[in-house]
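*Asks:* Next up, work.txt (compact mmCIF, C-alpha atoms).
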# COMPACT_ATOMS: atom_id res chain seq x y z
CA MET A 1393 25.40 -16.05 28.24
CA ASN A 1394 24.54 -19.65 29.29
CA PHE A 1395 25.75 -21.41 32.43
CA SER A 1396 28.69 -23.20 30.78
CA CYS A 1397 29.99 -19.89 29.35
CA ARG A 1398 29.75 -18.21 32.76
CA LYS A 1399 31.55 -21.15 34.34
CA LEU A 1400 34.32 -20.99 31.72
CA LEU A 1401 34.69 -17.23 32.30
CA ILE A 1402 35.04 -17.64 36.07
CA VAL A 1403 37.55 -20.47 35.71
CA SER A 1404 39.58 -18.46 33.15
CA VAL A 1405 39.77 -15.38 35.43
CA ALA A 1406 40.80 -17.56 38.38
CA ALA A 1407 43.51 -19.26 36.29
CA ILE A 1408 44.92 -15.91 35.12
CA ALA A 1409 44.96 -14.61 38.70
CA TYR A 1410 46.87 -17.70 39.74
CA ILE A 1411 49.53 -16.91 37.10
CA HIS A 1412 49.79 -13.28 38.26
CA TRP A 1413 47.33 -10.85 39.80
CA SER A 1414 48.21 -8.06 37.32
CA LEU A 1415 47.04 -10.21 34.40
CA ALA A 1416 43.67 -10.75 36.08
CA VAL A 1417 43.29 -7.02 36.80
CA LEU A 1418 44.09 -6.08 33.18
CA ALA A 1419 41.77 -8.76 31.80
CA VAL A 1420 38.90 -7.57 34.01
CA VAL A 1421 39.55 -3.88 33.18
CA THR A 1422 39.74 -4.41 29.41
CA SER A 1423 36.75 -6.76 29.43
CA SER A 1424 34.78 -4.25 31.48
CA LEU A 1425 35.56 -1.63 28.86
CA VAL A 1426 34.05 -3.97 26.26
CA VAL A 1427 30.85 -4.27 28.31
CA LEU A 1428 30.70 -0.54 29.07
CA SER A 1429 31.22 0.35 25.41
CA SER A 1430 28.00 -1.47 24.59
CA LYS A 1431 26.15 1.00 26.82
CA LEU A 1432 27.28 3.85 24.57
CA PHE A 1433 25.39 2.31 21.64
CA GLN A 1434 22.29 0.97 23.35
CA ASN A 1435 20.43 4.29 23.58
CA LYS A 1436 21.20 5.09 19.95
CA LEU A 1437 20.05 1.65 18.85
CA GLU A 1438 16.85 1.95 20.86
CA GLN A 1439 16.15 5.27 19.11
CA CYS A 1440 16.77 3.61 15.75
CA SER A 1441 14.50 0.78 16.81
CA ARG A 1442 11.66 3.17 17.65
CA ALA A 1443 12.19 5.03 14.36
CA THR A 1444 12.10 1.75 12.42
CA SER A 1445 8.96 0.64 14.24
CA LYS A 1446 7.26 3.94 13.41
CA ALA A 1447 8.43 3.75 9.79
CA GLN A 1448 6.99 0.24 9.52
CA GLU A 1449 3.64 1.48 10.83
CA VAL A 1450 3.63 4.28 8.24
CA PHE A 1451 4.66 1.83 5.51
CA THR A 1452 1.95 -0.66 6.47
CA SER A 1453 -0.69 2.07 6.56
CA SER A 1454 0.43 3.42 3.17
CA ILE A 1455 0.39 0.00 1.49
CA LYS A 1456 -2.97 -0.84 3.07
CA ASP A 1457 -4.35 2.44 1.74
CA LEU A 1458 -3.01 1.76 -1.76
CA LEU A 1459 -4.25 -1.83 -1.82
CA SER A 1460 -7.71 -0.80 -0.62
CA GLY A 1461 -7.91 1.81 -3.37
CA LEU A 1462 -6.30 -0.37 -6.04
CA ARG A 1463 -9.55 -0.78 -7.93
CA ILE A 1464 -10.04 3.00 -7.99
CA LEU A 1465 -6.58 3.51 -9.47
CA LYS A 1466 -7.21 0.80 -12.03
CA VAL A 1467 -10.62 2.14 -13.03
CA PHE A 1468 -9.22 5.62 -13.61
CA GLY A 1469 -6.15 4.37 -15.46
CA THR A 1470 -3.73 5.60 -12.79
CA LEU A 1471 -2.33 2.24 -11.74
CA HIS A 1472 1.17 3.70 -12.08
CA ARG A 1473 0.47 5.62 -8.86
CA PHE A 1474 0.26 2.35 -6.93
CA PHE A 1475 3.78 1.40 -7.98
CA GLN A 1476 5.17 4.92 -7.53
CA ASP A 1477 3.70 5.42 -4.05
CA SER A 1478 4.50 1.88 -2.87
CA GLU A 1479 8.08 2.26 -4.11
CA GLN A 1480 8.41 5.59 -2.30
CA ALA A 1481 7.00 4.08 0.90
CA SER A 1482 9.48 1.24 0.49
CA LYS A 1483 12.39 3.66 0.07
CA ASN A 1484 11.36 5.64 3.16
CA LEU A 1485 11.27 2.49 5.27
CA GLU A 1486 14.48 1.15 3.79
CA ALA A 1487 16.31 4.41 4.57
CA VAL A 1488 15.33 4.22 8.25
CA TRP A 1489 16.16 0.51 8.40
CA TYR A 1490 19.53 1.07 6.69
CA HIS A 1491 20.43 3.80 9.20
CA GLY A 1492 19.69 1.39 12.05
CA ARG A 1493 21.84 -1.28 10.42
CA CYS A 1494 24.73 1.18 10.09
CA VAL A 1495 24.52 2.04 13.80
CA GLN A 1496 24.38 -1.68 14.61
CA LYS A 1497 27.50 -2.39 12.53
CA LYS A 1498 29.36 0.55 14.09
CA ALA A 1499 28.50 -0.83 17.52
CA ASP A 1500 29.77 -4.28 16.53
CA ALA A 1501 32.97 -2.82 15.10
CA GLY A 1502 33.58 -0.62 18.18
CA ILE A 1503 33.10 -3.48 20.63
CA THR A 1504 35.27 -5.85 18.60
CA SER A 1505 38.02 -3.22 18.30
CA ILE A 1506 38.11 -2.64 22.07
CA ASN A 1507 38.19 -6.38 22.62
CA LEU A 1508 41.15 -6.83 20.23
CA LEU A 1509 42.97 -3.97 21.93
CA GLY A 1510 42.41 -5.62 25.31
CA GLN A 1511 43.72 -8.93 24.01
CA ALA A 1512 46.83 -7.21 22.62
CA LEU A 1513 47.49 -5.48 25.98
CA ASN A 1514 47.09 -8.80 27.82
CA ILE A 1515 49.62 -10.49 25.52
CA ILE A 1516 52.10 -7.59 25.83
CA LEU A 1517 51.85 -7.61 29.65
CA MET A 1518 52.23 -11.37 29.80
CA PHE A 1519 55.30 -11.22 27.52
CA LEU A 1520 56.87 -8.50 29.68
CA LEU A 1521 56.21 -10.49 32.85
CA GLY A 1522 57.95 -13.44 31.23
CA VAL A 1523 60.92 -11.34 30.05
CA TRP A 1524 61.31 -9.79 33.52
CA GLY A 1525 61.30 -13.24 35.05
CA ILE A 1526 58.18 -12.66 37.08
CA ILE A 1527 56.41 -15.62 35.43
CA PRO A 1528 57.91 -18.59 33.54
CA LEU A 1529 58.15 -18.00 29.79
CA GLN A 1530 56.39 -21.31 29.07
CA THR A 1531 53.20 -19.95 30.66
CA VAL A 1532 52.99 -16.98 28.29
CA PHE A 1533 51.09 -18.81 25.53
CA GLY A 1534 48.75 -20.65 27.88
CA GLY A 1535 48.04 -17.50 29.84
CA GLY A 1536 47.36 -15.57 26.64
CA SER A 1537 44.74 -18.13 25.66
CA LEU A 1538 43.02 -17.79 29.03
CA ALA A 1539 43.00 -13.97 28.74
CA ASN A 1540 41.51 -14.22 25.28
CA THR A 1541 38.79 -16.51 26.64
CA VAL A 1542 37.79 -13.83 29.15
CA ASN A 1543 37.75 -11.08 26.55
CA ASN A 1544 35.93 -13.14 23.92
CA SER A 1545 33.27 -14.28 26.39
CA LEU A 1546 32.50 -10.73 27.45
CA GLU A 1547 32.64 -9.53 23.84
CA SER A 1548 29.96 -12.09 22.94
CA LEU A 1549 27.85 -10.92 25.86
CA SER A 1550 28.25 -7.27 24.83
CA LEU A 1551 27.36 -7.94 21.21
CA TYR A 1552 24.28 -9.84 22.38
CA LEU A 1553 23.18 -6.97 24.60
CA VAL A 1554 23.64 -4.44 21.81
CA GLU A 1555 21.75 -6.60 19.33
CA PHE A 1556 19.00 -7.18 21.85
CA SER A 1557 18.58 -3.44 22.41
CA GLY A 1558 17.93 -2.77 18.75
CA TYR A 1559 15.25 -4.11 16.44
CA ARG A 1560 16.43 -5.22 13.04
CA PRO A 1561 13.40 -5.65 10.78
CA TYR A 1562 13.34 -8.02 7.91
CA PHE A 1563 12.04 -6.19 4.89
CA LYS A 1564 11.68 -7.33 1.32
CA LYS A 1565 11.38 -4.57 -1.18
CA PHE A 1566 8.23 -4.22 -3.23
CA GLU A 1567 8.89 -5.34 -6.74
CA LYS A 1568 6.78 -4.99 -9.79
CA LYS A 1569 6.89 -8.25 -11.65
CA ASP A 1570 6.42 -8.37 -15.36
CA THR A 1571 3.62 -10.64 -16.42
CA PRO A 1572 4.18 -12.96 -19.34
CA ASP A 1573 2.88 -11.77 -22.66
CA SER A 1574 -0.58 -12.97 -23.46
CA ALA A 1575 -0.80 -15.51 -26.24
CA LYS A 1576 -3.46 -13.29 -27.78
CA ALA A 1577 -2.75 -9.66 -28.62
CA LEU A 1578 -5.50 -7.49 -27.13
CA GLN A 1579 -6.78 -4.35 -28.79
CA GLU A 1580 -6.88 -0.77 -27.56
CA LEU A 1581 -10.46 0.39 -27.13
CA PRO A 1582 -11.10 3.37 -29.40
CA SER A 1583 -13.67 6.05 -28.59
CA LEU A 1584 -17.17 4.66 -28.55
CA GLU A 1585 -18.83 5.53 -31.85
CA ASN A 1586 -22.19 3.84 -31.60
CA LYS A 1587 -23.11 1.54 -28.71
CA ILE A 1588 -22.32 -1.09 -26.10
CA SER A 1589 -24.36 -4.22 -26.66
CA PHE A 1590 -25.02 -7.40 -24.70
CA GLN A 1591 -25.94 -10.37 -26.85
CA ASP A 1592 -27.30 -13.46 -25.09
CA VAL A 1593 -25.02 -12.92 -22.08
CA SER A 1594 -25.21 -15.31 -19.11
CA PHE A 1595 -23.08 -15.26 -15.97
CA SER A 1596 -22.99 -17.30 -12.77
CA TYR A 1597 -21.14 -17.11 -9.51
CA PRO A 1598 -20.21 -20.53 -8.08
CA GLY A 1599 -23.53 -22.28 -7.65
CA LYS A 1600 -25.56 -19.14 -8.31
CA PRO A 1601 -26.70 -17.94 -11.76
CA VAL A 1602 -27.09 -14.17 -11.88
CA LEU A 1603 -27.65 -13.16 -15.51
CA SER A 1604 -29.37 -15.37 -18.07
CA HIS A 1605 -29.49 -14.73 -21.84
CA LEU A 1606 -29.31 -10.98 -21.34
CA ASN A 1607 -29.81 -8.71 -24.36
CA MET A 1608 -29.59 -4.94 -24.08
CA GLU A 1609 -28.00 -1.90 -25.72
CA PHE A 1610 -26.47 1.32 -24.42
CA MET A 1611 -26.22 3.95 -27.17
CA LYS A 1612 -23.47 6.55 -27.13
CA GLY A 1613 -24.46 9.76 -25.31
CA LYS A 1614 -27.68 8.29 -23.93
CA LYS A 1615 -28.67 7.92 -20.29
CA TYR A 1616 -29.74 4.60 -18.79
CA ALA A 1617 -30.92 3.38 -15.42
CA LEU A 1618 -30.76 -0.17 -14.09
CA VAL A 1619 -33.35 -0.99 -11.44
CA GLY A 1620 -34.28 -4.11 -9.55
CA PRO A 1621 -33.87 -5.80 -6.17
CA SER A 1622 -30.56 -6.82 -4.65
CA GLY A 1623 -28.98 -9.86 -6.23
CA CYS A 1624 -30.49 -9.37 -9.67
CA GLY A 1625 -27.11 -8.73 -11.34
CA LYS A 1626 -26.92 -4.94 -11.68
CA SER A 1627 -23.41 -4.59 -10.24
CA THR A 1628 -22.32 -7.78 -12.03
CA LEU A 1629 -23.31 -6.15 -15.32
CA PHE A 1630 -20.95 -3.26 -14.53
CA HIS A 1631 -18.09 -5.65 -13.81
CA LEU A 1632 -18.70 -7.33 -17.16
CA ILE A 1633 -18.53 -3.98 -18.97
CA LEU A 1634 -15.29 -3.16 -17.13
CA GLY A 1635 -13.75 -6.50 -18.13
CA HIS A 1636 -13.40 -7.72 -14.54
CA PHE A 1637 -15.14 -11.02 -15.34
CA GLN A 1638 -14.31 -13.11 -18.40
CA ASP A 1639 -16.04 -16.39 -17.70
CA TYR A 1640 -19.42 -15.46 -19.18
CA THR A 1641 -21.26 -16.91 -22.13
CA GLY A 1642 -22.59 -14.85 -25.02
CA ASN A 1643 -20.88 -11.70 -26.24
CA ILE A 1644 -20.39 -8.08 -25.23
CA TYR A 1645 -19.53 -5.61 -27.98
CA PHE A 1646 -18.13 -2.10 -27.98
CA ASP A 1647 -19.36 -1.04 -31.40
CA GLN A 1648 -18.14 -3.99 -33.50
CA THR A 1649 -15.31 -5.05 -31.19
CA ASN A 1650 -15.80 -8.05 -28.92
CA ALA A 1651 -15.00 -7.19 -25.30
CA ARG A 1652 -12.87 -10.36 -25.04
CA ASP A 1653 -10.50 -8.85 -27.61
CA ILE A 1654 -10.05 -5.55 -25.74
CA ASP A 1655 -7.19 -4.77 -23.37
CA PRO A 1656 -8.83 -4.26 -19.91
CA ASP A 1657 -6.46 -1.37 -19.21
CA SER A 1658 -7.85 0.51 -22.21
CA LEU A 1659 -11.36 0.03 -20.80
CA ASN A 1660 -10.19 1.82 -17.67
CA ARG A 1661 -9.02 4.72 -19.80
CA ARG A 1662 -12.48 5.12 -21.33
CA ILE A 1663 -14.81 4.21 -18.48
CA ALA A 1664 -15.26 5.71 -15.01
CA TYR A 1665 -16.87 3.65 -12.27
CA ILE A 1666 -18.40 5.01 -9.07
CA GLU A 1667 -18.98 2.16 -6.63
CA GLN A 1668 -21.68 2.05 -4.01
CA ASP A 1669 -19.06 1.82 -1.24
CA VAL A 1670 -16.86 4.79 -2.06
CA TYR A 1671 -13.19 4.45 -1.19
CA LEU A 1672 -11.03 7.50 -0.50
CA PHE A 1673 -7.28 7.54 -0.02
CA ASN A 1674 -5.87 8.87 3.24
CA SER A 1675 -4.85 12.21 1.71
CA THR A 1676 -6.59 15.47 0.79
CA ILE A 1677 -9.86 16.11 -1.03
CA ARG A 1678 -7.89 17.59 -3.95
CA ASP A 1679 -5.66 14.51 -4.23
CA ASN A 1680 -8.65 12.17 -4.10
CA ILE A 1681 -10.27 14.06 -6.94
CA THR A 1682 -7.22 14.46 -9.18
CA LEU A 1683 -5.47 11.19 -8.19
CA GLY A 1684 -2.18 13.06 -8.61
CA ASN A 1685 -2.88 14.17 -12.19
CA SER A 1686 -2.65 17.79 -13.32
CA PHE A 1687 -5.85 19.77 -13.85
CA THR A 1688 -6.52 23.49 -14.07
CA GLU A 1689 -8.38 25.27 -11.29
CA GLU A 1690 -11.24 25.84 -13.76
CA GLN A 1691 -11.53 22.10 -14.39
CA ILE A 1692 -11.49 21.38 -10.66
CA GLU A 1693 -14.12 24.03 -9.94
CA LYS A 1694 -16.37 22.68 -12.70
CA ALA A 1695 -16.12 19.17 -11.27
CA LEU A 1696 -16.85 20.49 -7.77
CA LYS A 1697 -19.88 22.39 -9.02
CA ASN A 1698 -21.33 19.50 -11.03
CA SER A 1699 -20.84 17.11 -8.12
CA ALA A 1700 -22.59 19.52 -5.68
CA LEU A 1701 -19.42 19.62 -3.57
CA LEU A 1702 -18.54 23.27 -4.13
CA ASN A 1703 -20.85 24.60 -1.44
CA ASP A 1704 -19.36 22.28 1.16
CA LEU A 1705 -15.81 23.60 0.86
CA PRO A 1706 -16.27 26.72 3.06
CA SER A 1707 -17.40 24.52 5.96
CA LEU A 1708 -14.35 22.23 5.71
CA PRO A 1709 -11.25 23.10 7.78
CA ASP A 1710 -8.85 23.51 4.84
CA GLY A 1711 -11.13 23.51 1.83
CA LEU A 1712 -9.74 21.34 -0.95
CA GLU A 1713 -6.65 20.62 1.15
CA THR A 1714 -8.72 19.08 3.97
CA ALA A 1715 -7.40 15.67 4.99
CA VAL A 1716 -10.16 13.11 4.47
CA GLY A 1717 -8.76 10.60 6.99
CA GLU A 1718 -8.55 6.85 6.56
CA ASN A 1719 -11.10 5.90 3.90
CA GLY A 1720 -12.72 9.32 4.24
CA SER A 1721 -13.45 9.03 7.96
CA ASN A 1722 -13.41 12.85 8.32
CA LEU A 1723 -16.21 13.28 5.77
CA SER A 1724 -19.88 12.40 5.78
CA GLY A 1725 -21.21 9.64 3.53
CA GLY A 1726 -22.71 12.22 1.20
CA GLN A 1727 -19.46 14.17 0.98
CA LYS A 1728 -17.55 10.99 0.17
CA GLN A 1729 -19.93 10.22 -2.68
CA ARG A 1730 -19.61 13.73 -4.06
CA VAL A 1731 -15.81 13.49 -3.98
CA ALA A 1732 -16.07 10.24 -5.94
CA ILE A 1733 -18.42 11.88 -8.46
CA ALA A 1734 -16.09 14.87 -8.84
CA ARG A 1735 -13.23 12.41 -9.40
CA ALA A 1736 -15.17 10.71 -12.19
CA LEU A 1737 -16.22 13.99 -13.83
CA ILE A 1738 -12.79 15.62 -13.86
CA HIS A 1739 -11.15 12.62 -15.51
CA ASN A 1740 -13.46 13.19 -18.44
CA ARG A 1741 -14.44 9.60 -19.14
CA SER A 1742 -16.88 9.25 -21.99
CA ILE A 1743 -18.66 6.34 -20.28
CA LEU A 1744 -19.75 6.61 -16.65
CA LEU A 1745 -21.05 3.72 -14.55
CA VAL A 1746 -22.66 4.80 -11.27
CA ASP A 1747 -23.62 2.20 -8.65
CA GLU A 1748 -26.04 3.93 -6.26
CA GLY A 1749 -23.81 7.00 -6.50
CA THR A 1750 -26.37 9.39 -4.97
CA SER A 1751 -27.82 7.09 -2.28
CA ALA A 1752 -26.20 9.05 0.59
CA LEU A 1753 -27.19 12.49 -0.73
CA ASP A 1754 -30.18 14.53 0.29
CA GLN A 1755 -32.79 15.04 -2.40
CA GLN A 1756 -31.59 18.54 -3.35
CA ASN A 1757 -27.98 17.51 -3.89
CA ALA A 1758 -29.03 14.25 -5.54
CA ASP A 1759 -31.08 16.26 -8.05
CA ILE A 1760 -28.11 18.59 -8.74
CA VAL A 1761 -25.81 15.63 -9.41
CA GLU A 1762 -28.30 13.67 -11.52
CA GLN A 1763 -29.19 16.72 -13.59
CA SER A 1764 -25.51 17.39 -14.18
CA LEU A 1765 -24.89 13.81 -15.30
CA THR A 1766 -28.00 13.38 -17.40
CA GLY A 1767 -27.59 16.84 -18.96
CA ASN A 1768 -24.11 16.10 -20.37
CA PRO A 1769 -24.63 15.20 -24.07
CA ASP A 1770 -21.13 13.72 -24.45
CA LEU A 1771 -21.54 11.29 -21.54
CA THR A 1772 -22.85 7.76 -21.87
CA LEU A 1773 -24.38 7.20 -18.45
CA ILE A 1774 -25.51 3.93 -16.86
CA LEU A 1775 -26.80 4.34 -13.30
CA ILE A 1776 -27.90 1.67 -10.84
CA SER A 1777 -30.73 2.43 -8.48
CA HIS A 1778 -32.72 0.21 -6.16
CA HIS A 1779 -35.46 2.79 -5.97
CA LEU A 1780 -36.09 5.23 -8.79
CA SER A 1781 -39.14 7.49 -8.65
CA GLU A 1782 -41.38 7.99 -11.63
CA GLU A 1783 -40.13 11.57 -11.82
CA GLY A 1784 -36.54 10.35 -11.74
CA LYS A 1785 -37.16 7.87 -14.55
CA LYS A 1786 -38.03 10.75 -16.88
CA ARG A 1787 -34.39 11.92 -16.81
CA PHE A 1788 -33.25 8.73 -18.53
CA ASP A 1789 -33.58 7.63 -22.13
CA LYS A 1790 -34.30 4.08 -21.04
CA VAL A 1791 -34.80 2.21 -17.78
CA TYR A 1792 -33.87 -1.49 -17.71
CA GLU A 1793 -35.48 -3.56 -14.99
CA LEU A 1794 -33.52 -6.66 -13.93
CA LYS A 1795 -35.07 -9.51 -11.99
CA PRO A 1796 -33.45 -12.25 -9.91
CA ILE A 1797 -33.17 -15.67 -11.52
CA GLU A 1798 -35.46 -18.11 -9.75
Render the structure in this file as structure tokens.

*Replies:*
Amino acid sequence: MNFSCRKLLIVSVAAIAYIHWSLAVLAVVTSSLVVLSSKLFQNKLEQCSRATSKAQEVFTSSIKDLLSGLRILKVFGTLHRFFQDSEQASKNLEAVWYHGRCVQKKADAGITSINLLGQALNIILMFLLGVWGIIPLQTVFGGGSLANTVNNSLESLSLYLVEFSGYRPYFKKFEKKDTPDSAKALQELPSLENKISFQDVSFSYPGKPVLSHLNMEFMKGKKYALVGPSGCGKSTLFHLILGHFQDYTGNIYFDQTNARDIDPDSLNRRIAYIEQDVYLFNSTIRDNITLGNSFTEEQIEKALKNSALLNDLPSLPDGLETAVGENGSNLSGGQKQRVAIARALIHNRSILLVDEGTSALDQQNADIVEQSLTGNPDLTLILISHHLSEEGKKRFDKVYELKPIE
């Protein structure tokens, strides 16, 4: 309440007292009830405020987790999980926020009701004093206005205190917006029948050419390694296969179908991608492997075995249900990579792109994983490695060596 309001309140109380002391007493008592009633709601609103603050932290953490793992969901064709989980996080926050708003409105209604009751009592008393001849009847209306000024001033103060004690967050619900239809109808990628081929493909980042007139083939069911120093375009080649980049020259074909004519979402349903920097959601090992999809225990065990993760489970606190922490902070680098490999294997993609997927593994586990991947006749494997031994090269049908563009 600013200085002018306080001054008006004091003057109004003094004027009512001048008319008759009983009016001043009633005005002060009823106004005090308005102020005291705010105290009844402040603790509840503070609790709601803390609950809302906590819910916002959980919501922010959940959305951050989903956004960080968005590429994983897209690569494995489970983008629907992003919208489902973000919508659920939104609903959880909105429920807490709505409860706080309801308490706030109840507080406002309670304070206003007490204030109106006080005003009514002041008017009734003033009317009776006039009827009994204690005060002149012509002062009834003026005195009623002064009493209302007192009550309304303290009501405003009480509502301010109640509002101040609670935190009302502004929250805009997550919405999935429909994108306009593409002018060109894109095709669904069928199962690979023959090969993926690069024909005179060039690609540049702003001011930096990476691939120049590249020609290579990846036959169905064969195993390939890409070697070369950093910056030579190995990871870029993966992004081109996945349809992440479109501004390249030349052509990329899946059998006879130009990659530019293929729906990128259908590429995600056929291709699994294990990045060098593995991202794990802040949930359990099982959830990070299945991504919420249904698999039999036999399928899960096979993926665990072929990713060399099965032997680690007994040493983990809760086995498959162990919480991995934020971005897998509870696991070692090698364990994170094996979870990512198990995730790729269980989703049964026919084409697997692995970007240094065994770099954090010891030699024994790296051999188990590589033998599992290279020994699968139904899997078209392309693996990036900065350093591949001569013995390791023998596991692959062909090794492509990429060199930086001078």

*Asks:* So, with only C-alpha atoms as the atoms that count, which of A:Gly1767, A:Leu1702, A:Asp1747, A:Ile1733 lies closest to Leu1629 in chain A?

*Replies:* A:Asp1747

*Asks:* Return the single residue from A:Leu1465, A:Phe1451, A:Ala1734, A:Asn1435 that is closest to Lys1694 in chain A, with distances computed using all atoms listed in the file.

*Replies:*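 Checking each of A:Leu1465, A:Phe1451, A:Ala1734, A:Asn1435 against Lys1694 in chain A, counting all atoms listed in the file, the winner is A:Ala1734.
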
*Asks:* Extract, using all atoms listed in the file, all DNA, RNA and protein residues at most 12 Å from Ile1774 in chain A, discarding same-chain residues fewer than 5 positions from it, and format them as a count of residues only.

*Replies:* 38

*Asks:* May I ask which of the residues A:Leu1603, A:Leu1708, A:Val1670, A:Ala1447 is the closest one to Gly1720 in chain A, counting only C-alpha atoms?

*Replies:*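 Going through A:Leu1603, A:Leu1708, A:Val1670, A:Ala1447 one by one, the smallest distance to Gly1720 in chain A is for A:Val1670.
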
*Asks:* Tell me, in Å to one decimal, how far CA of Ser1658 in chain A is from CA of Phe1590 in chain A.

*Replies:*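 According to the coordinates, CA of Ser1658 in chain A and CA of Phe1590 in chain A are separated by 19.1 Å.
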
*Asks:* Measuring between all atoms listed in the file, which one of A:Met1608, A:Ile1681, A:Ile1455, A:Ala1700 shows the shortest distance to Gln1755 in chain A?

*Replies:*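 Of A:Met1608, A:Ile1681, A:Ile1455, A:Ala1700, the one nearest Gln1755 in chain A, counting all atoms listed in the file, is A:Ala1700.
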
*Asks:* Applying 12 Å and all atoms listed in the file, which residues near Asn1722 in chain A remain after dropping the ones on its own chain fewer than 4 positions away? List them as a short mmCIF file (atom, residue, chain, number, x, y, z; two decimals) with C-alpha atoms, keeping the file's coordinate frame.

*Replies:*
data_model
loop_
_atom_site.label_atom_id
_atom_site.label_comp_id
_atom_site.auth_asym_id
_atom_site.auth_seq_id
_atom_site.Cartn_x
_atom_site.Cartn_y
_atom_site.Cartn_z
CA LEU A 1672 -11.03 7.50 -0.50
CA PHE A 1673 -7.28 7.54 -0.02
CA ASN A 1674 -5.87 8.87 3.24
CA SER A 1675 -4.85 12.21 1.71
CA THR A 1676 -6.59 15.47 0.79
CA ILE A 1677 -9.86 16.11 -1.03
CA LEU A 1708 -14.35 22.23 5.71
CA PRO A 1709 -11.25 23.10 7.78
CA THR A 1714 -8.72 19.08 3.97
CA ALA A 1715 -7.40 15.67 4.99
CA VAL A 1716 -10.16 13.11 4.47
CA GLY A 1717 -8.76 10.60 6.99
CA GLU A 1718 -8.55 6.85 6.56
CA GLY A 1726 -22.71 12.22 1.20
CA GLN A 1727 -19.46 14.17 0.98
CA LYS A 1728 -17.55 10.99 0.17
#

*Asks:* Can you work out the spacing between CA of Gln1496 in chain A and CA of Ala1443 in chain A in Å, to one decimal?

*Replies:* 13.9 Å
